[in-house]
Amino acid sequence: MPSRSIVLDDEHDIVVARNETRRIAAAIGFGLVDQTRLSTVASELARNVIKYGGRGRMIAQPFQSAAGRQGLRLIFEDDGPGIPDIAAAMRDGFSTGRGLGKGLPGTKRLVDEFEIVSTVGGGTCVTVVRWL
Amino acid sequence: MPSRSIVLDDEHDIVVARNETRRIAAAIGFGLVDQTRLSTVASELARNVIKYGGRGRMIAQPFQSAAGRQGLRLIFEDDGPGIPDIAAAMRDGFSTGRGLGKGLPGTKRLVDEFEIVSTVGGGTCVTVVRWL
Amino acid sequence: MDGSQRIPILKVGRVLIVPIQVDMDDQTVMHLQERILSELERTGARGVLIDISLLEMVDSFIGRVLSDIAAMARIMDARTVVVGMQPAVAITLVELGLELRGVDTVLNVDEGIRLLRGEFGIDEDGEEELSAFAEQINRP
Amino acid sequence: MDGSQRIPILKVGRVLIVPIQVDMDDQTVMHLQERILSELERTGARGVLIDISLLEMVDSFIGRVLSDIAAMARIMDARTVVVGMQPAVAITLVELGLELRGVDTVLNVDEGIRLLRGEFGIDEDGEEELSAFAEQINRP
Ligand SMILES: Nc1ncnc2c1ncn2[C@@H]1O[C@H](COP(=O)(O)OP(=O)(O)O)[C@@H](O)[C@H]1O
Ligand SMILES: Nc1ncnc2c1ncn2[C@@H]1O[C@H](COP(=O)(O)OP(=O)(O)O)[C@@H](O)[C@H]1O
């Protein structure tokens with residue numbers, strides 16, 4: 001299945017991102033709970049792109065491991081201000097907005113792999129993987 | 001509200017213990033999710049009494065803290081063989097039966113306070129508290 | 001644009017019933033919160049029943065708004081019940097680390113109404129209206 | 001004593017429907033598992049729909065049996081859907097540390113049937129029978 005890139009420009013794109021993620025997850029064969037986990041992750045991280053990064057995009061990438069295992073990779077990138085202290089941002093309850101501070105630590109619990117790369121002034125990229 | 005003691009003799013008493021716990025929790029004013037948490041705790045720990053301790057009892061004790069805060073204390077005691085290695089027993093997935101090993105660590109996550117006292121040959125007592 | 005989708009708020013007896021039937025963007029969620037609170041004020045309703053059975057996902061944003069609605073409703077002496085939360089949604093919410101503090105959740109509108117009735121002594125009139133409404137909901 | 005309560009297992013089309021209407025003790029749970037598996041074998045059903053809407057609690061014992069039923073059913077080429085899990089039950093299960101691996105959970109019998117239909121190409125006859133059954137369930 002091909003990758004799909006979704007522009008994250010304004011709040012409505014959060015809805016598009018989570019719906020597309022659910023559709024792709026279902027097409028790959030993820031069960032209902034995993035579909036819900038993945039679309040929730042998309043909603044949280046797409047919101048962060050718009051709220052903190054200004055704008056950016058999501059890439060949804062179905063893929064297979066060398067061993068033939070099916071997975072879904074979601075990549076969220078922006079050219080925003082970046083995160084000065086990633087360890088702090090990953091802490092439950094930490095928010096510089098008026099958020100609950102559950103977005104980053106919470107989505108990490110919902111996926112099998114979680115990577116965040118961010119440079120101050122250079123933007124942020126969060127990559128997550130869930131295996132089928 | 002008075003304490004209530006329930007004899008744990010056979011499998012059916014597990015059902016009695018969890019239903020009584022729910023009833024008492026509701027009477028104290030716990031919400032639906034807390035009622036469910038507490039009756040699940042009762043079911044898990046009453047089953048341990050019967051499965052590992054042989055027989056024993058549960059005491060459900062509504063009480064108030066010095067500061068006037070309402071809580072429910074549940075005590076599960078047996079005179080069974082006791083637990084040789086409590087740290088091991090508290091680990092997720094550890095079971096000497098054919099259980100999932102979620103009973104002790106799982107119920108600990110469902111309550112605010114959790115205490116376990118056990119001596120080999122002298123029985124086991126687990127006390128939990130959830131605050132309103 | 002004020003492009004927020006319109007979610008109906010029905011007053012039945014002394015309960016506000018909010019059937020969420022669309023996938024809400026953040027703005028719609030915020031507007032809904034404001035509207036529920038002003039309806040509570042205007043009508044003096046004692047209960048809020050939010051039906052989320054058609055929501056495929058509740059993220060931390062929507063979850064927080066549900067908690068906020070419940071907290072503010074309580075200040076106005078009203079109880080909030082969320083009905084129809086998909087099990088997959090409940091599972092995901094807990095894994096995400098949310099608690100929905102102060103919100104009771106039950107399976108369907110019937111149970112929600114029964115819960116609200118148990119909590120308040122809803123007046124006879126309201127009770128009849130509510131029963132009729134529950135019937136109607138069950139036979140679409 | 002074999003004092004286990006009797007839970008009905010209905011065969012509707014190619015689906016076994018198991019409405020759990022009592023608070024089950026452990027023995028009843030074990031018997032139910034055995035009976036579902038032997039019914040699957042006997043009838044060649046392709047789906048199992050377990051309605052737990054009346055269960056006020058699912059502990060690790062019942063949770064494991066549900067997972068086991070799903071795993072064994074899958075070996076017999078049948079899918080399992082658990083319907084009607086109370087949100088409070090789902091929340092507690094996750095906090096307890098259970099995952100219900102291999103079990104899909106949806107809100108009600110209708111959705112469960114829709115899911116099973118989407119998964120298999122259930123035969124026309126079965127589909128009609130199932131629709132009729134769903135109607136009946138909704139209008140008790
Ligand atoms: N894409 C991003 N760009 C810049 N900062 C971010 C980004 N994503 C997250 N952050 C920072 O990390 C913090 C924690 O994020 P999160 O856990 O999602 O909680 P919340 O969104 O509720 O604040 C945010 O408050 C923000 O400071
Ligand atoms: N009341 C008890 N008496 C003796 N041993 C116990 C008791 N409760 C628990 N244990 C021991 O602790 C282990 C872990 O218990 P638990 O976490 O409830 O998992 P499980 O019941 O699935 O084995 C049990 O397998 C048993 O060895």
# chains A, B, ... in the order shown; residues from 1 in each chain; ligands from 1

$ residues_around --residues "C:Glu111" --least-positions-apart "3" --cutoff "12 Å" --atoms "only C-alpha atoms" --output "PyMOL selection string"
(chain B and resi 32) or (chain C and resi 49+51+81-84+104-108+114-118+130-131+134+138) or (chain D and resi 53-54+86)

$ residues_near_ligand --ligand "ligand 2" --cutoff "8 Å" --atoms "only C-alpha atoms and all ligand atoms" --output "PyMOL selection string"
(chain B and resi 44-45+47-53+76-78+80-83+86+88-106+118+123-126) or (chain D and resi 60-61)

$ write_last_selection --atoms "N, CA and C atoms" --output "short mmCIF file (atom, residue, chain, number, x, y, z; two decimals), in the first residue's frame"
data_model
loop_
_atom_site.label_atom_id
_atom_site.label_comp_id
_atom_site.auth_asym_id
_atom_site.auth_seq_id
_atom_site.Cartn_x
_atom_site.Cartn_y
_atom_site.Cartn_z
N GLU B 44 -10.63 -10.36 42.48
CA GLU B 44 -9.26 -10.87 42.33
C GLU B 44 -8.72 -11.39 43.66
N LEU B 45 -8.88 -10.57 44.71
CA LEU B 45 -8.23 -10.93 45.97
C LEU B 45 -9.00 -12.04 46.70
N ARG B 47 -10.50 -14.42 45.11
CA ARG B 47 -10.11 -15.63 44.40
C ARG B 47 -8.75 -16.13 44.89
N ASN B 48 -7.82 -15.21 45.14
CA ASN B 48 -6.51 -15.62 45.67
C ASN B 48 -6.64 -16.32 47.02
N VAL B 49 -7.52 -15.78 47.86
CA VAL B 49 -7.73 -16.40 49.18
C VAL B 49 -8.15 -17.86 48.99
N ILE B 50 -9.11 -18.08 48.11
CA ILE B 50 -9.64 -19.44 47.92
C ILE B 50 -8.66 -20.32 47.17
N LYS B 51 -8.03 -19.77 46.15
CA LYS B 51 -7.15 -20.57 45.29
C LYS B 51 -5.84 -20.90 45.99
N TYR B 52 -5.27 -19.94 46.69
CA TYR B 52 -3.96 -20.16 47.29
C TYR B 52 -4.04 -20.34 48.80
N GLY B 53 -4.95 -19.60 49.44
CA GLY B 53 -5.03 -19.68 50.90
C GLY B 53 -5.95 -20.79 51.39
N PHE B 76 -8.44 -8.80 53.12
CA PHE B 76 -8.57 -10.21 52.70
C PHE B 76 -7.57 -11.02 53.50
N GLU B 77 -8.07 -11.97 54.32
CA GLU B 77 -7.12 -12.73 55.12
C GLU B 77 -7.36 -14.22 55.04
N ASP B 78 -6.27 -14.95 55.10
CA ASP B 78 -6.36 -16.41 55.13
C ASP B 78 -5.23 -16.96 56.01
N GLY B 80 -3.54 -19.63 55.07
CA GLY B 80 -2.94 -20.57 54.13
C GLY B 80 -1.42 -20.61 54.21
N PRO B 81 -0.78 -21.10 53.16
CA PRO B 81 0.67 -21.34 53.16
C PRO B 81 1.52 -20.07 53.16
N GLY B 82 0.92 -18.91 52.88
CA GLY B 82 1.70 -17.68 52.80
C GLY B 82 2.48 -17.57 51.50
N ILE B 83 3.12 -16.41 51.33
CA ILE B 83 3.86 -16.14 50.09
C ILE B 83 5.35 -16.04 50.42
N ILE B 86 7.41 -12.13 48.34
CA ILE B 86 6.36 -11.15 48.02
C ILE B 86 6.73 -10.29 46.81
N ALA B 88 8.42 -11.10 44.23
CA ALA B 88 8.14 -11.86 43.01
C ALA B 88 6.64 -11.89 42.74
N ALA B 89 5.86 -12.15 43.81
CA ALA B 89 4.40 -12.26 43.64
C ALA B 89 3.79 -10.96 43.13
N MET B 90 4.43 -9.83 43.46
CA MET B 90 3.89 -8.53 43.05
C MET B 90 4.27 -8.19 41.61
N ARG B 91 5.09 -9.02 40.98
CA ARG B 91 5.53 -8.72 39.61
C ARG B 91 4.44 -9.08 38.60
N ASP B 92 4.25 -8.22 37.63
CA ASP B 92 3.26 -8.47 36.57
C ASP B 92 3.60 -9.77 35.86
N GLY B 93 2.66 -10.68 35.82
CA GLY B 93 2.85 -11.92 35.06
C GLY B 93 3.35 -13.08 35.90
N PHE B 94 3.70 -12.86 37.17
CA PHE B 94 4.16 -13.96 38.02
C PHE B 94 2.97 -14.72 38.59
N SER B 95 2.94 -16.04 38.35
CA SER B 95 1.88 -16.87 38.91
C SER B 95 2.40 -18.25 39.20
N THR B 96 2.08 -18.78 40.39
CA THR B 96 2.43 -20.17 40.68
C THR B 96 1.25 -21.07 40.32
N GLY B 97 0.08 -20.44 40.01
CA GLY B 97 -1.06 -21.23 39.54
C GLY B 97 -1.06 -21.18 38.02
N ARG B 98 -2.23 -21.24 37.44
CA ARG B 98 -2.28 -21.05 35.99
C ARG B 98 -2.90 -19.69 35.71
N GLY B 99 -2.66 -18.73 36.63
CA GLY B 99 -3.25 -17.41 36.46
C GLY B 99 -2.45 -16.53 35.53
N LEU B 100 -2.95 -15.33 35.29
CA LEU B 100 -2.26 -14.36 34.44
C LEU B 100 -1.19 -13.61 35.21
N GLY B 101 -1.19 -13.78 36.55
CA GLY B 101 -0.24 -13.03 37.35
C GLY B 101 -0.52 -11.54 37.38
N LYS B 102 -1.80 -11.17 37.19
CA LYS B 102 -2.16 -9.75 37.20
C LYS B 102 -2.90 -9.40 38.48
N GLY B 103 -3.28 -10.39 39.27
CA GLY B 103 -4.13 -10.15 40.43
C GLY B 103 -3.53 -9.16 41.41
N LEU B 104 -2.34 -9.45 41.92
CA LEU B 104 -1.74 -8.56 42.91
C LEU B 104 -1.27 -7.24 42.28
N PRO B 105 -0.41 -7.27 41.25
CA PRO B 105 0.04 -5.97 40.70
C PRO B 105 -1.12 -5.17 40.10
N GLY B 106 -2.07 -5.85 39.51
CA GLY B 106 -3.21 -5.16 38.90
C GLY B 106 -4.10 -4.49 39.93
N SER B 118 2.54 -11.28 54.76
CA SER B 118 2.43 -12.73 54.56
C SER B 118 3.60 -13.41 55.24
N GLY B 123 -0.06 -17.65 56.78
CA GLY B 123 -1.18 -16.99 56.11
C GLY B 123 -0.82 -15.64 55.50
N THR B 124 -1.82 -15.05 54.87
CA THR B 124 -1.63 -13.84 54.08
C THR B 124 -2.74 -12.86 54.39
N CYS B 125 -2.38 -11.58 54.47
CA CYS B 125 -3.40 -10.53 54.65
C CYS B 125 -3.11 -9.38 53.69
N VAL B 126 -4.06 -9.10 52.82
CA VAL B 126 -3.92 -7.98 51.88
C VAL B 126 -4.96 -6.92 52.26
N SER D 60 -9.52 -10.61 35.95
CA SER D 60 -8.49 -11.22 35.11
C SER D 60 -8.87 -12.64 34.72
N PHE D 61 -9.66 -13.30 35.54
CA PHE D 61 -10.09 -14.66 35.22
C PHE D 61 -11.03 -14.67 34.01
#

$ select_by_dssp --residues "stretch 18-113 of chain A" --states "alpha helix (DSSP H)" --output "MDAnalysis selection string"
chainID A and resid 18:28 32:48 86:89 103:110

$ write_last_selection --atoms "C-alpha atoms" --output "compact mmCIF listing (two decimals), in the first residue's frame"
# COMPACT_ATOMS: atom_id res chain seq x y z
CA ARG A 18 -7.05 10.98 12.20
CA ASN A 19 -9.69 9.74 9.75
CA GLU A 20 -7.15 8.90 7.08
CA THR A 21 -5.04 7.09 9.68
CA ARG A 22 -8.00 4.99 10.75
CA ARG A 23 -8.88 4.16 7.16
CA ILE A 24 -5.33 3.08 6.34
CA ALA A 25 -4.99 1.09 9.59
CA ALA A 26 -8.23 -0.75 8.82
CA ALA A 27 -7.10 -1.46 5.26
CA ILE A 28 -3.86 -3.00 6.54
CA LEU A 32 -10.73 -2.00 16.10
CA VAL A 33 -8.75 -1.15 19.21
CA ASP A 34 -5.55 -0.64 17.20
CA GLN A 35 -7.42 1.51 14.69
CA THR A 36 -8.60 3.64 17.59
CA ARG A 37 -5.14 3.81 19.13
CA LEU A 38 -3.59 4.89 15.83
CA SER A 39 -6.20 7.52 14.99
CA THR A 40 -5.89 8.92 18.50
CA VAL A 41 -2.12 9.16 18.07
CA ALA A 42 -2.64 10.96 14.76
CA SER A 43 -5.06 13.39 16.39
CA GLU A 44 -2.69 14.20 19.26
CA LEU A 45 0.44 14.62 17.16
CA ALA A 46 -1.26 16.48 14.30
CA ARG A 47 -2.63 18.91 16.88
CA ASN A 48 0.87 19.47 18.25
CA ILE A 86 12.63 17.01 25.07
CA ALA A 87 12.92 15.13 28.37
CA ALA A 88 10.60 17.68 29.99
CA ALA A 89 8.16 17.58 27.05
CA GLY A 103 0.01 14.12 24.03
CA LEU A 104 3.63 13.03 23.81
CA PRO A 105 3.89 10.60 26.78
CA GLY A 106 0.41 9.24 26.06
CA THR A 107 0.95 8.54 22.39
CA LYS A 108 4.23 6.85 23.29
CA ARG A 109 2.20 4.36 25.34
CA LEU A 110 -0.13 3.71 22.40

$ atom_distance --atom1 "atom CA of D:Leu32" --atom2 "atom CA of D:Gly13"
20.3 Å

$ atom_distance --atom1 "atom CA of C:Arg46" --atom2 "atom CA of D:Pro87"
22.8 Å

$ residues_around --residues "A:Asp10" --least-positions-apart "2" --cutoff "8 Å" --atoms "only C-alpha atoms" --output "PyMOL selection string"
chain A and resi 8+12-14+50+55

$ write_last_selection --atoms "N, CA, C and O atoms" --output "PDB file, in the first residue's frame"
ATOM      1  N   LEU A   8      -0.838  19.553   7.078  1.00  0.00           N
ATOM      2  CA  LEU A   8      -1.434  20.003   8.339  1.00  0.00           C
ATOM      3  C   LEU A   8      -1.318  21.520   8.401  1.00  0.00           C
ATOM      4  O   LEU A   8      -0.247  22.059   8.695  1.00  0.00           O
ATOM      5  N   HIS A  12      -8.855  21.903  11.006  1.00  0.00           N
ATOM      6  CA  HIS A  12      -9.658  20.870  10.357  1.00  0.00           C
ATOM      7  C   HIS A  12      -8.803  19.716   9.842  1.00  0.00           C
ATOM      8  O   HIS A  12      -9.258  18.581   9.729  1.00  0.00           O
ATOM      9  N   ASP A  13      -7.524  20.004   9.548  1.00  0.00           N
ATOM     10  CA  ASP A  13      -6.643  18.941   9.055  1.00  0.00           C
ATOM     11  C   ASP A  13      -6.365  17.886  10.120  1.00  0.00           C
ATOM     12  O   ASP A  13      -5.972  16.762   9.807  1.00  0.00           O
ATOM     13  N   ILE A  14      -6.569  18.241  11.394  1.00  0.00           N
ATOM     14  CA  ILE A  14      -6.432  17.242  12.462  1.00  0.00           C
ATOM     15  C   ILE A  14      -7.471  16.141  12.246  1.00  0.00           C
ATOM     16  O   ILE A  14      -7.174  14.945  12.357  1.00  0.00           O
ATOM     17  N   ILE A  50       0.164  21.658  14.572  1.00  0.00           N
ATOM     18  CA  ILE A  50      -0.536  22.916  14.292  1.00  0.00           C
ATOM     19  C   ILE A  50      -0.423  23.901  15.458  1.00  0.00           C
ATOM     20  O   ILE A  50      -0.180  25.087  15.275  1.00  0.00           O
ATOM     21  N   ARG A  55       2.596  24.852  11.203  1.00  0.00           N
ATOM     22  CA  ARG A  55       2.082  23.986  10.140  1.00  0.00           C
ATOM     23  C   ARG A  55       3.102  22.907   9.826  1.00  0.00           C
ATOM     24  O   ARG A  55       4.244  22.992  10.265  1.00  0.00           O
TER      25      ARG A  55
END

$ atom_distance --atom1 "atom CA of C:Val22" --atom2 "atom CA of C:Ile91"
21.1 Å

$ closest_residue --among "B:Val16, B:Phe30, B:Val7, B:Met58" --to "chain C" --atoms "only C-alpha atoms"
B:Phe30

$ select_by_dssp --residues "chain D" --states "strand (DSSP E or B)" --output "ChimeraX atom specification"
/D:10-12,15-19,47-51,79-83,104-106

$ closest_residue --among "A:Thr127, A:Ser3, A:Gln70, A:Gln61" --to "ligand 1" --atoms "only C-alpha atoms and all ligand atoms"
A:Thr127

$ interface_residues --of "chain C" --to "chain A" --cutoff "7 Å" --atoms "only C-alpha atoms" --output "PyMOL selection string"
chain C and resi 25-26+56-60+88-89+92+95-97

$ residues_around --residues "D:Pro8" --least-positions-apart "2" --cutoff "7 Å" --atoms "only C-alpha atoms" --output "PyMOL selection string"
chain D and resi 6+10+18-19

$ closest_residue --among "C:Leu55, C:Glu34, C:Thr28, C:Ala132" --to "chain D" --atoms "only C-alpha atoms"
C:Leu55

$ closest_residue --among "C:Asp23, C:Glu99, C:Asp68, C:Glu39" --to "chain D" --atoms "only C-alpha atoms"
C:Glu99

$ decode --residues "stretch 14-106 of chain D" --atoms "C-alpha atoms" --output "tab-separated table (two decimals), in the first residue's frame"
chain	number	residue	atom	x	y	z
D	14	ARG	CA	-23.32	-18.78	10.90
D	15	VAL	CA	-22.82	-16.96	14.17
D	16	LEU	CA	-23.04	-18.16	17.76
D	17	ILE	CA	-24.65	-15.56	19.99
D	18	VAL	CA	-23.94	-15.78	23.70
D	19	PRO	CA	-25.96	-13.38	25.84
D	20	ILE	CA	-24.46	-13.46	29.33
D	21	GLN	CA	-27.24	-12.49	31.65
D	22	VAL	CA	-26.00	-13.62	35.03
D	23	ASP	CA	-23.10	-12.84	37.27
D	24	MET	CA	-21.01	-15.92	36.54
D	25	ASP	CA	-18.96	-17.84	39.08
D	26	ASP	CA	-15.67	-19.30	37.88
D	27	GLN	CA	-17.10	-22.72	37.19
D	28	THR	CA	-19.81	-21.27	34.98
D	29	VAL	CA	-17.18	-19.33	33.07
D	30	MET	CA	-15.13	-22.48	32.43
D	31	HIS	CA	-18.19	-24.45	31.34
D	32	LEU	CA	-19.23	-21.65	29.04
D	33	GLN	CA	-15.83	-21.73	27.34
D	34	GLU	CA	-16.09	-25.49	26.79
D	35	ARG	CA	-19.61	-25.25	25.49
D	36	ILE	CA	-18.82	-22.45	23.04
D	37	LEU	CA	-15.90	-24.41	21.62
D	38	SER	CA	-17.87	-27.62	21.23
D	39	GLU	CA	-20.73	-25.69	19.61
D	40	LEU	CA	-18.24	-24.13	17.19
D	41	GLU	CA	-17.01	-27.60	16.31
D	42	ARG	CA	-20.47	-29.06	16.01
D	43	THR	CA	-21.99	-26.29	13.92
D	44	GLY	CA	-19.06	-24.96	11.94
D	45	ALA	CA	-20.10	-21.42	12.89
D	46	ARG	CA	-17.76	-18.69	11.65
D	47	GLY	CA	-18.39	-16.09	14.30
D	48	VAL	CA	-18.92	-15.81	18.06
D	49	LEU	CA	-20.71	-12.80	19.50
D	50	ILE	CA	-20.54	-12.58	23.28
D	51	ASP	CA	-22.85	-9.98	24.83
D	52	ILE	CA	-21.48	-8.85	28.20
D	53	SER	CA	-23.60	-5.72	28.60
D	54	LEU	CA	-25.07	-7.07	31.84
D	55	LEU	CA	-21.67	-7.91	33.35
D	56	GLU	CA	-20.81	-5.30	35.94
D	57	MET	CA	-17.23	-6.47	36.20
D	58	VAL	CA	-14.65	-8.44	34.21
D	59	ASP	CA	-11.72	-9.61	36.30
D	60	SER	CA	-8.49	-11.22	35.11
D	61	PHE	CA	-10.09	-14.66	35.22
D	62	ILE	CA	-13.03	-13.79	32.96
D	63	GLY	CA	-10.76	-11.62	30.83
D	64	ARG	CA	-8.42	-14.51	30.21
D	65	VAL	CA	-11.24	-16.85	29.31
D	66	LEU	CA	-12.54	-14.32	26.76
D	67	SER	CA	-9.06	-14.13	25.19
D	68	ASP	CA	-8.79	-17.93	25.22
D	69	ILE	CA	-12.15	-18.34	23.54
D	70	ALA	CA	-11.07	-15.90	20.82
D	71	ALA	CA	-7.74	-17.65	20.31
D	72	MET	CA	-9.28	-21.12	20.09
D	73	ALA	CA	-12.13	-19.90	17.88
D	74	ARG	CA	-9.60	-18.42	15.50
D	75	ILE	CA	-7.90	-21.81	15.20
D	76	MET	CA	-11.32	-23.11	14.18
D	77	ASP	CA	-11.52	-20.30	11.64
D	78	ALA	CA	-14.07	-18.22	13.56
D	79	ARG	CA	-13.86	-14.62	14.76
D	80	THR	CA	-14.95	-13.45	18.21
D	81	VAL	CA	-16.57	-10.13	19.00
D	82	VAL	CA	-17.38	-9.02	22.53
D	83	VAL	CA	-20.28	-6.60	22.57
D	84	GLY	CA	-21.64	-4.25	25.20
D	85	MET	CA	-18.62	-3.94	27.46
D	86	GLN	CA	-19.50	-1.23	30.00
D	87	PRO	CA	-17.03	1.69	29.73
D	88	ALA	CA	-16.28	1.30	33.44
D	89	VAL	CA	-15.37	-2.32	32.79
D	90	ALA	CA	-13.09	-1.39	29.88
D	91	ILE	CA	-11.37	1.26	32.00
D	92	THR	CA	-10.83	-1.16	34.88
D	93	LEU	CA	-9.53	-3.93	32.60
D	94	VAL	CA	-6.84	-1.69	31.17
D	95	GLU	CA	-5.82	-0.44	34.62
D	96	LEU	CA	-5.65	-4.04	35.78
D	97	GLY	CA	-3.17	-4.66	32.96
D	98	LEU	CA	-5.26	-6.85	30.65
D	99	GLU	CA	-5.31	-6.48	26.90
D	100	LEU	CA	-8.03	-8.85	25.66
D	101	ARG	CA	-5.69	-9.84	22.83
D	102	GLY	CA	-7.45	-11.00	19.70
D	103	VAL	CA	-10.87	-9.86	20.88
D	104	ASP	CA	-12.71	-7.09	19.09
D	105	THR	CA	-15.11	-5.13	21.25
D	106	VAL	CA	-17.99	-2.99	20.05
